[in-house]
Each structure stands twice: as structure tokens, then as C-alpha cells.
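First comes the structure, then the notes that go with it.
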Amino acid sequence: MIRHDLLKTLIPVISDQLVVCNIGAPSQELHALDDQPTNFYMLGTMGLASSIGFGLALAQNKPVISIDGDGSVLTNLATLSTIGNNPQDNYILLIVDNGSYGSTGDQPTYAGGKTSLAAVASACGCENVVEVSDEETPEALKAALASKKMTVIVSKCDSGNVQVPVIKTNPITIRDRFMDAVQS
Amino acid sequence: MAKDIDRRIIGDFVDNGVDFVTSVPCKQLAGVIEVLDQTPAIKHVPSNKEDEGMGLCAGAYLGGGRPAIFMQNTALGVVVNTLATLIQFYQIPLPMLISYRGEVGEPVACQVEMALHTKAILNQLHIPTYHFHRPEDVEELPGILNHAQMCSKPVAILTDATFWRTAT
Ligand SMILES: [Mg+2]
């Protein structure tokens with residue numbers, strides 16, 4: 001299953017949750033599948049979806065799901081140690097690991113090679129780390145939400161994108177409607 | 001060992017309503033970081049790199065918090081993209097308390113290299129910039145913190161070696 005199809009299976013689970021979504025294809029696909037005020041789309045700044053979602057989880061009590069990618073996590077790997085050392089039970093990091101830089105032409109990442117992001121997350125001090133297949137991901141995410149324990153999910157899926165439009169929504173609109181959703 | 005200046009600076013952040021600070025340490029900021037960790041009104045979560053820290057700050061702001069970052073001027077070489085595409089693009093107010101290494105009194109020659117680029121980078125990014133050189137310059141801090149919130153921009157507070165050496 002490619003990321004778009006994985007996200008599609010997750011919509012019933014994440015539609016009304018606070019989601020911070022990674023730059024490029026992931027945000028564009030989520031936006032096309034199910035645009036919600038509870039989605040914070042990153043329009044730039046590769047690598048920070050994990051950190052932004054974690055900051056949000058630190059600042060308030062609602063559950064937060066960061067949807068990050070393998071390539072993006074690799075570019076900000078050290079944030080896993082910040083997350084591991086300051087556990088927030090309202091935080092879930094979902095790493096869509098398709099072993100490639102999907103937004104830039106599916107060049108391979110090292111996570112598709114010898115590097116295990118699940119092992120890195122565990123080594124960084126994250127306590128509930130699960131690596132699952134694409135088919136298992138919706139159940140894993142439901143279980144993580146129900147557990148009320150900070151969880152890192154590494155979802156192994158196939159490389160590939162679908163054609164969806166770029167997000168034209170003004171960043172301040174994305175920000176304001178998201179902040180209203182956080183407070184509501 | 002923290003000094004009165006460190007307590008005053010943290011007090012100004014508390015009075016402004018700042019409730020979240022991330023930091024990457026610098027020798028010149030050791031005192032303020034020490035006081036920060038004794039200040040229950042502010043949650044302090046150290047970060048590994050300043051662009052990561054700005055991600056945490058952006059998230060804290062989205063959650064209704066009031067973040068700030070403490071860092072060294074050398075980090076401006078790390079955060080240009082994050083300032084432009086996250087903090088400025090989404091208009092997130094962000095006071096940056098910056099240790100201005102490489103100014104007069106600096107013992108490490110290499111620090112001068114990024115000092116030469118510090119104000120140029122901040123100017124290029126159109127970031128309101130304030131330079132604390134004399135101890136009394138700290139009197140501007142409450143106004144600067146209000147200004148960041150008023151205009152929803154990152155603002156830079158550069159604190160140099162003379163400031164830290166002469167302030168008590
Ligand atoms: Mg990928």
C-alpha cells in the first residue's frame with residue numbers, strides 16, 4: 001500500500017484528532033482526502049512535523065498525532081531523544097516509512113536500507129515503539145489512542161505518490177482554524 | 001552561578017507571560033538557564049538543535065502557549081529556513097534570547113566568524129534586532145517581549161560579552 005492509500009484507511013481514526021502533517025506529498029494527500037481544521041499542514045520546513053506536534057502536546061492536553069515520514073525523521077533524528085526524555089502521554093508519532101523521499105521523486109532513504117527508525121526511537125528513550133505493516137496501521141493507531149501512552153508507530157509501506165493539487169490555503173488560515181480547533 | 005541579571009531576565013519573561021522555553025546552551029547563557037530551571041511558571045524543554053527548538057516553539061504556540069528560545073548566534077547558520085518558512089510564514093511570535101559570541105572580550109577566534117554574519121543574517125530576514133551591550137540595555141527587555149507579541153514576529157535580543165561581564 002502506498003502512503004495515499006494508507007492515509008485513506010486512517011481517515012476514520014484521525015479525522016477529528018489534532019494532526020500535524022509532514023511537508024509535501026503527505027500534507028497534500030491528507031488535504032485532498034479529508035481537509036479538516038484539526039489538520040495542521042506544513043507548507044515548508046522539512047523535518048519538523050515531529051517537533052511541532054510534540055510542542056503542541058507539551059502545551060495542551062488533547063491527543064496530538066504527528067504524521068511524519070522516514071526521510072523527514074532522518075533529517076531531524078535528534079528530536080526523538082527530546083521526545084523520549086520528556087514523554088507526553090497525549091502524543092503519538094506516526095512515521096510513514098516508505099523507504100523513500102516521496103515528495104522529491106522517490107529517491108531511497110537509509111531507513112529503507114540498514115537503518116531501523118523503530119530501533120532508533122527505542123534507543124532514544126521512547127518507551128512504546130511499534131513497527132507495523134500498512135494493513136496493521138489503523139488498528140495500531142487506535143490502540144495507541146486508547147492506551148493514553150506516548151507511542152511511536154513506524155508504519156512500513158510502499159513507495160509512491162498520487163497526483164494531488166498543492167495546498168493553496170493561506171498559512172494564517174491554516175494556523176488560525178487549527179488553533180481554534182485546539183481550543184474548542 | 002546565576003547573577004541578579006539572570007534572575008531579572010527570567011523575571012521579565014515570566015511577567016510577559018512566556019510559559020515555554022527551549023534552549024541550546026551557551027556559556028554566556030548558563031546563568032539564565034540555571035534560573036530557568038528554578039522557575040515553575042516556565043516549562044523548559046532543551047532541544048538538540050535550534051531548528052528543532054523552533055519546531056517545539058511553533059507547536060507550543062499552536063497549543064495556546066507563549067514560547068521563547070534561548071540560543072547562541074552561531075545557530076543563525078542553522079535556522080534561516082525554519083525562521084522563513086515556519087516562524088515568519090505562519091506569523092508566530094518568537095522572542096530569541098541570543099548569546100552574541102564573537103564580540104569584544106571573546107576568547108575564541110572562531111566565534112568571530114559567525115559574529116560577522118549575525119546582524120547581516122538578521123537584517124536579511126527582516127527580524128527586529130536589539131543589541132544588549134551595557135547592563136542598562138536590559139531595561140528594554142519588557143518592551144521587546146511585548147513588541148514580539150504585538151507584531152507576531154520573531155525578534156532577536158543579542159547579548160554580548162561586555163553585557164554579561166559588566167552586568168551584576
Ligand atoms: Mg518517505
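Each chain in the C-alpha cells gets a letter, A, B and so on, in the order shown; residues start at 1 in every chain, and ligands are counted from 1 in the order they appear.
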Mind checking which residues fall within 12 Å of A:Gly113, counting only C-alpha atoms, ignoring those fewer than 6 positions away in the same chain, and posting them as a JSON list (two decimals) with C-alpha atoms, in the first residue's frame?
```json
[["chain", "number", "residue", "atom", "x", "y", "z"],
["A", 70, "ASP", "CA", 11.11, 8.37, 7.16],
["A", 71, "GLY", "CA", 13.18, 10.88, 5.21],
["A", 97, "ASP", "CA", 8.13, 4.67, 6.41],
["A", 98, "ASN", "CA", 8.07, 4.03, 2.69],
["A", 99, "GLY", "CA", 11.86, 3.90, 2.46],
["A", 100, "SER", "CA", 11.98, 6.86, 0.12],
["A", 107, "GLN", "CA", 14.86, 8.55, -4.05]]
```
Chain B contacts to chain A at 9 Å (only C-alpha atoms) as a PDB file with N, CA and C atoms, in the first residue's frame:
```
ATOM      1  N   ASP B  19       5.570  30.980  28.801  1.00  0.00           N
ATOM      2  CA  ASP B  19       5.353  29.775  29.625  1.00  0.00           C
ATOM      3  C   ASP B  19       6.091  28.559  29.077  1.00  0.00           C
ATOM      4  N   PHE B  20       6.828  28.741  27.971  1.00  0.00           N
ATOM      5  CA  PHE B  20       7.569  27.630  27.376  1.00  0.00           C
ATOM      6  C   PHE B  20       8.882  28.157  26.796  1.00  0.00           C
ATOM      7  N   LYS B  43       7.864  26.182  31.441  1.00  0.00           N
ATOM      8  CA  LYS B  43       8.299  24.817  31.121  1.00  0.00           C
ATOM      9  C   LYS B  43       9.525  24.912  30.234  1.00  0.00           C
ATOM     10  N   VAL B  45      12.146  22.867  28.012  1.00  0.00           N
ATOM     11  CA  VAL B  45      12.461  21.610  27.328  1.00  0.00           C
ATOM     12  C   VAL B  45      13.663  21.871  26.412  1.00  0.00           C
ATOM     13  N   PRO B  46      14.842  21.447  26.830  1.00  0.00           N
ATOM     14  CA  PRO B  46      16.017  21.658  25.978  1.00  0.00           C
ATOM     15  C   PRO B  46      15.882  20.937  24.641  1.00  0.00           C
ATOM     16  N   SER B  47      16.418  21.533  23.596  1.00  0.00           N
ATOM     17  CA  SER B  47      16.421  20.865  22.288  1.00  0.00           C
ATOM     18  C   SER B  47      17.858  20.597  21.865  1.00  0.00           C
ATOM     19  N   ASN B  48      18.003  19.773  20.854  1.00  0.00           N
ATOM     20  CA  ASN B  48      19.331  19.359  20.408  1.00  0.00           C
ATOM     21  C   ASN B  48      19.920  20.310  19.379  1.00  0.00           C
ATOM     22  N   LYS B  49      19.018  20.930  18.627  1.00  0.00           N
ATOM     23  CA  LYS B  49      19.438  21.862  17.591  1.00  0.00           C
ATOM     24  C   LYS B  49      18.349  22.928  17.511  1.00  0.00           C
ATOM     25  N   ASP B  51      16.794  24.503  15.104  1.00  0.00           N
ATOM     26  CA  ASP B  51      15.628  24.388  14.206  1.00  0.00           C
ATOM     27  C   ASP B  51      14.595  23.437  14.832  1.00  0.00           C
ATOM     28  N   GLU B  52      15.078  22.382  15.464  1.00  0.00           N
ATOM     29  CA  GLU B  52      14.165  21.523  16.233  1.00  0.00           C
ATOM     30  C   GLU B  52      13.461  22.353  17.307  1.00  0.00           C
ATOM     31  N   GLY B  53      14.236  23.177  18.007  1.00  0.00           N
ATOM     32  CA  GLY B  53      13.680  24.015  19.075  1.00  0.00           C
ATOM     33  C   GLY B  53      12.584  24.931  18.556  1.00  0.00           C
ATOM     34  N   MET B  54      12.789  25.490  17.374  1.00  0.00           N
ATOM     35  CA  MET B  54      11.758  26.374  16.808  1.00  0.00           C
ATOM     36  C   MET B  54      10.510  25.583  16.413  1.00  0.00           C
ATOM     37  N   GLY B  55      10.684  24.318  16.050  1.00  0.00           N
ATOM     38  CA  GLY B  55       9.525  23.450  15.821  1.00  0.00           C
ATOM     39  C   GLY B  55       8.730  23.261  17.112  1.00  0.00           C
ATOM     40  N   LEU B  56       9.428  22.997  18.206  1.00  0.00           N
ATOM     41  CA  LEU B  56       8.759  22.867  19.509  1.00  0.00           C
ATOM     42  C   LEU B  56       8.018  24.157  19.856  1.00  0.00           C
ATOM     43  N   CYS B  57       8.674  25.286  19.611  1.00  0.00           N
ATOM     44  CA  CYS B  57       8.059  26.585  19.918  1.00  0.00           C
ATOM     45  C   CYS B  57       6.798  26.812  19.071  1.00  0.00           C
ATOM     46  N   ALA B  58       6.875  26.468  17.789  1.00  0.00           N
ATOM     47  CA  ALA B  58       5.702  26.635  16.924  1.00  0.00           C
ATOM     48  C   ALA B  58       4.541  25.789  17.441  1.00  0.00           C
ATOM     49  N   GLY B  59       4.839  24.550  17.845  1.00  0.00           N
ATOM     50  CA  GLY B  59       3.793  23.682  18.386  1.00  0.00           C
ATOM     51  C   GLY B  59       3.210  24.231  19.675  1.00  0.00           C
ATOM     52  N   ALA B  60       4.076  24.734  20.550  1.00  0.00           N
ATOM     53  CA  ALA B  60       3.599  25.303  21.815  1.00  0.00           C
ATOM     54  C   ALA B  60       2.681  26.490  21.548  1.00  0.00           C
ATOM     55  N   TYR B  61       3.035  27.296  20.562  1.00  0.00           N
ATOM     56  CA  TYR B  61       2.190  28.447  20.210  1.00  0.00           C
ATOM     57  C   TYR B  61       0.832  27.989  19.681  1.00  0.00           C
ATOM     58  N   LEU B  62       0.835  26.978  18.817  1.00  0.00           N
ATOM     59  CA  LEU B  62      -0.432  26.450  18.277  1.00  0.00           C
ATOM     60  C   LEU B  62      -1.309  25.918  19.401  1.00  0.00           C
ATOM     61  N   GLY B  63      -0.686  25.454  20.472  1.00  0.00           N
ATOM     62  CA  GLY B  63      -1.426  24.936  21.620  1.00  0.00           C
ATOM     63  C   GLY B  63      -1.868  26.005  22.601  1.00  0.00           C
ATOM     64  N   GLY B  64      -1.664  27.259  22.260  1.00  0.00           N
ATOM     65  CA  GLY B  64      -2.110  28.352  23.129  1.00  0.00           C
ATOM     66  C   GLY B  64      -1.028  28.828  24.083  1.00  0.00           C
ATOM     67  N   GLY B  65       0.175  28.306  23.957  1.00  0.00           N
ATOM     68  CA  GLY B  65       1.271  28.723  24.823  1.00  0.00           C
ATOM     69  C   GLY B  65       1.982  29.950  24.287  1.00  0.00           C
ATOM     70  N   ASN B  81      16.128  28.723   7.255  1.00  0.00           N
ATOM     71  CA  ASN B  81      14.941  28.158   6.596  1.00  0.00           C
ATOM     72  C   ASN B  81      13.759  28.054   7.552  1.00  0.00           C
ATOM     73  N   THR B  82      14.020  27.653   8.784  1.00  0.00           N
ATOM     74  CA  THR B  82      12.937  27.499   9.764  1.00  0.00           C
ATOM     75  C   THR B  82      12.317  28.855  10.113  1.00  0.00           C
ATOM     76  N   ALA B  84      12.193  31.459   8.132  1.00  0.00           N
ATOM     77  CA  ALA B  84      11.443  31.967   6.977  1.00  0.00           C
ATOM     78  C   ALA B  84      10.172  31.163   6.723  1.00  0.00           C
ATOM     79  N   THR B  85      10.274  29.820   6.741  1.00  0.00           N
ATOM     80  CA  THR B  85       9.156  29.002   6.250  1.00  0.00           C
ATOM     81  C   THR B  85       8.217  28.526   7.356  1.00  0.00           C
ATOM     82  N   LEU B  86       8.619  28.676   8.610  1.00  0.00           N
ATOM     83  CA  LEU B  86       7.726  28.282   9.703  1.00  0.00           C
ATOM     84  C   LEU B  86       7.359  29.498  10.561  1.00  0.00           C
ATOM     85  N   PHE B  89       6.417  32.550   8.114  1.00  0.00           N
ATOM     86  CA  PHE B  89       5.335  32.234   7.167  1.00  0.00           C
ATOM     87  C   PHE B  89       3.998  32.068   7.894  1.00  0.00           C
ATOM     88  N   TYR B  90       4.044  31.448   9.094  1.00  0.00           N
ATOM     89  CA  TYR B  90       2.817  31.246   9.884  1.00  0.00           C
ATOM     90  C   TYR B  90       2.627  32.347  10.939  1.00  0.00           C
ATOM     91  N   GLN B  91       3.475  33.366  10.905  1.00  0.00           N
ATOM     92  CA  GLN B  91       3.392  34.517  11.816  1.00  0.00           C
ATOM     93  C   GLN B  91       3.297  34.105  13.277  1.00  0.00           C
TER      94      GLN B  91
END
```
* Which residues sit within 10 Å of ligand 1, counting only C-alpha atoms and all ligand atoms, listed as JSON, numbers by chain? -> {"A": [3, 25, 26, 68, 69, 70, 71, 72, 73, 74, 95, 96, 97, 98, 99, 100, 101, 102, 103, 104, 106, 107, 108, 109, 111, 112, 156, 157, 158, 159, 160]}
Restricting it to N, CA and C atoms, dump the selection as a short mmCIF file (atom, residue, chain, number, x, y, z; two decimals), in the first residue's frame.
```
data_model
loop_
_atom_site.label_atom_id
_atom_site.label_comp_id
_atom_site.auth_asym_id
_atom_site.auth_seq_id
_atom_site.Cartn_x
_atom_site.Cartn_y
_atom_site.Cartn_z
N ARG A 3 1.51 5.52 0.44
CA ARG A 3 1.12 6.45 1.51
C ARG A 3 -0.32 6.94 1.36
N ALA A 25 4.07 15.88 -0.19
CA ALA A 25 3.04 14.92 -0.58
C ALA A 25 2.15 14.47 0.58
N PRO A 26 2.68 14.19 1.78
CA PRO A 26 1.78 13.75 2.86
C PRO A 26 0.69 14.78 3.18
N ASP A 68 4.68 11.91 10.28
CA ASP A 68 5.97 12.28 9.70
C ASP A 68 6.39 11.22 8.70
N GLY A 69 7.49 11.44 8.02
CA GLY A 69 7.98 10.48 7.05
C GLY A 69 9.36 9.99 7.43
N ASP A 70 9.80 8.91 6.81
CA ASP A 70 11.11 8.37 7.16
C ASP A 70 12.24 9.35 6.80
N GLY A 71 12.15 9.94 5.62
CA GLY A 71 13.18 10.88 5.21
C GLY A 71 13.21 12.10 6.11
N SER A 72 12.03 12.59 6.48
CA SER A 72 11.95 13.78 7.33
C SER A 72 12.44 13.49 8.74
N VAL A 73 12.11 12.32 9.27
CA VAL A 73 12.60 11.96 10.60
C VAL A 73 14.13 11.85 10.58
N LEU A 74 14.66 11.31 9.49
CA LEU A 74 16.12 11.19 9.41
C LEU A 74 16.79 12.57 9.43
N ILE A 95 5.22 7.46 11.99
CA ILE A 95 6.21 7.61 10.92
C ILE A 95 5.79 6.73 9.75
N VAL A 96 5.39 7.37 8.66
CA VAL A 96 5.06 6.63 7.44
C VAL A 96 6.37 6.31 6.75
N ASP A 97 6.79 5.07 6.87
CA ASP A 97 8.13 4.67 6.41
C ASP A 97 8.02 3.90 5.10
N ASN A 98 8.12 4.67 4.01
CA ASN A 98 8.07 4.03 2.69
C ASN A 98 9.46 3.87 2.08
N GLY A 99 10.48 4.13 2.92
CA GLY A 99 11.86 3.90 2.46
C GLY A 99 12.31 4.83 1.36
N SER A 100 11.58 5.95 1.19
CA SER A 100 11.98 6.86 0.12
C SER A 100 11.59 8.29 0.43
N TYR A 101 12.26 9.21 -0.25
CA TYR A 101 11.88 10.62 -0.22
C TYR A 101 10.76 10.80 -1.24
N GLY A 102 9.52 10.59 -0.77
CA GLY A 102 8.40 10.54 -1.70
C GLY A 102 8.15 11.84 -2.45
N SER A 103 8.30 12.97 -1.76
CA SER A 103 7.93 14.25 -2.38
C SER A 103 8.92 14.71 -3.43
N THR A 104 10.08 14.09 -3.47
CA THR A 104 11.13 14.60 -4.35
C THR A 104 11.48 13.62 -5.47
N ASP A 106 10.92 9.91 -5.04
CA ASP A 106 11.11 8.54 -4.54
C ASP A 106 12.56 8.06 -4.53
N GLN A 107 13.47 8.99 -4.26
CA GLN A 107 14.86 8.55 -4.05
C GLN A 107 14.90 7.75 -2.74
N PRO A 108 15.74 6.69 -2.69
CA PRO A 108 15.75 5.86 -1.48
C PRO A 108 16.30 6.60 -0.26
N THR A 109 15.75 6.30 0.92
CA THR A 109 16.31 6.80 2.18
C THR A 109 17.08 5.67 2.85
N ALA A 111 16.47 4.71 5.74
CA ALA A 111 15.51 3.92 6.51
C ALA A 111 15.02 2.73 5.69
N GLY A 112 15.08 2.85 4.37
CA GLY A 112 14.76 1.72 3.51
C GLY A 112 15.94 0.76 3.35
N LYS A 156 5.39 0.56 7.95
CA LYS A 156 6.13 0.21 6.74
C LYS A 156 5.17 0.10 5.56
N CYS A 157 5.39 0.92 4.55
CA CYS A 157 4.50 0.86 3.39
C CYS A 157 5.32 1.03 2.12
N ASP A 158 4.62 1.03 0.99
CA ASP A 158 5.30 1.08 -0.29
C ASP A 158 5.58 2.52 -0.72
N SER A 159 6.57 2.66 -1.53
CA SER A 159 6.95 3.95 -2.08
C SER A 159 6.02 4.32 -3.23
N GLY A 160 5.65 5.60 -3.30
CA GLY A 160 4.82 6.05 -4.42
C GLY A 160 3.87 7.15 -4.01
#
```
As an mmCIF file with N, CA, C and O atoms, in the first residue's frame, please: the residues near B:Asn146 (cut-off 8 Å, only C-alpha atoms, same-chain neighbours under 4 positions excluded).
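Saved as out_1.cif:
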```cif
data_model
loop_
_atom_site.group_PDB
_atom_site.id
_atom_site.type_symbol
_atom_site.label_atom_id
_atom_site.label_comp_id
_atom_site.auth_asym_id
_atom_site.auth_seq_id
_atom_site.Cartn_x
_atom_site.Cartn_y
_atom_site.Cartn_z
ATOM 1 N N ASN B 16 5.977 38.681 31.130
ATOM 2 C CA ASN B 16 5.393 38.804 29.796
ATOM 3 C C ASN B 16 4.417 37.663 29.482
ATOM 4 O O ASN B 16 3.669 37.724 28.507
ATOM 5 N N PRO B 142 11.340 44.167 28.675
ATOM 6 C CA PRO B 142 9.868 44.023 28.700
ATOM 7 C C PRO B 142 9.198 44.577 27.443
ATOM 8 O O PRO B 142 8.275 43.959 26.899
ATOM 9 N N MET B 150 3.019 41.761 19.847
ATOM 10 C CA MET B 150 2.212 42.732 19.111
ATOM 11 C C MET B 150 2.306 42.490 17.610
ATOM 12 O O MET B 150 1.306 42.482 16.908
#
```
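When DSSP reads the backbone of this structure, the residues of stretch 61-116 of chain B it assigns to strand (DSSP E) are Pro67, Ala68, Ile69, Phe70, Met71, Gln72, Leu94, Pro95, Met96, Leu97, Ile98, Ser99 and Tyr100 of chain B.
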* Secondary structure check, helix (DSSP H, G or I) residues of chain A, as a PyMOL selection string -> chain A and resi 3-14+25-34+49-59+70-75+79-85+102-104+110-112+117-123+137-147+171-183
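Atom to atom, atom CA of A:Cys124 and atom CA of A:Tyr91 stand 15.8 Å apart.
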* To do: Excluding B:His126 and any residue of its chain fewer than 6 positions from it, enumerate the residues within 12 Å of it, using only C-alpha atoms, and give them as a ChimeraX atom specification.
  => /B:80,83-84,88,119-120,153-156
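Using only C-alpha atoms, the smallest distance between any of B:Ile69, B:Ala161, B:Leu145, B:Ala75 and B:Gly102 comes from B:Ala161.
What separates atom CA of B:Tyr130 from atom CA of B:His44 is a distance of 23.5 Å.
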* Asked: For B:Leu141, which residue out of B:Met114, B:Ile5, B:Ile157, B:Val21 is the nearest one, using only C-alpha atoms?
  -> B:Ile157
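For A:Asp5, the list of residues within 10 Å, based on only C-alpha atoms and with local chain neighbours fewer than 3 positions off taken out, reads Met1, Ile2, Lys8, Thr9, Leu10, Glu29, Leu33, Asp134, Cys157, Asp158, Asn161 and Val162 of chain A.
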* Counting only C-alpha atoms, what is within 10 Å of stretch 136-144 of chain A, bar same-chain residues fewer than 2 positions away, as a PyMOL selection string? -> chain A and resi 6-14+65+89-94+96+128-134+146-157
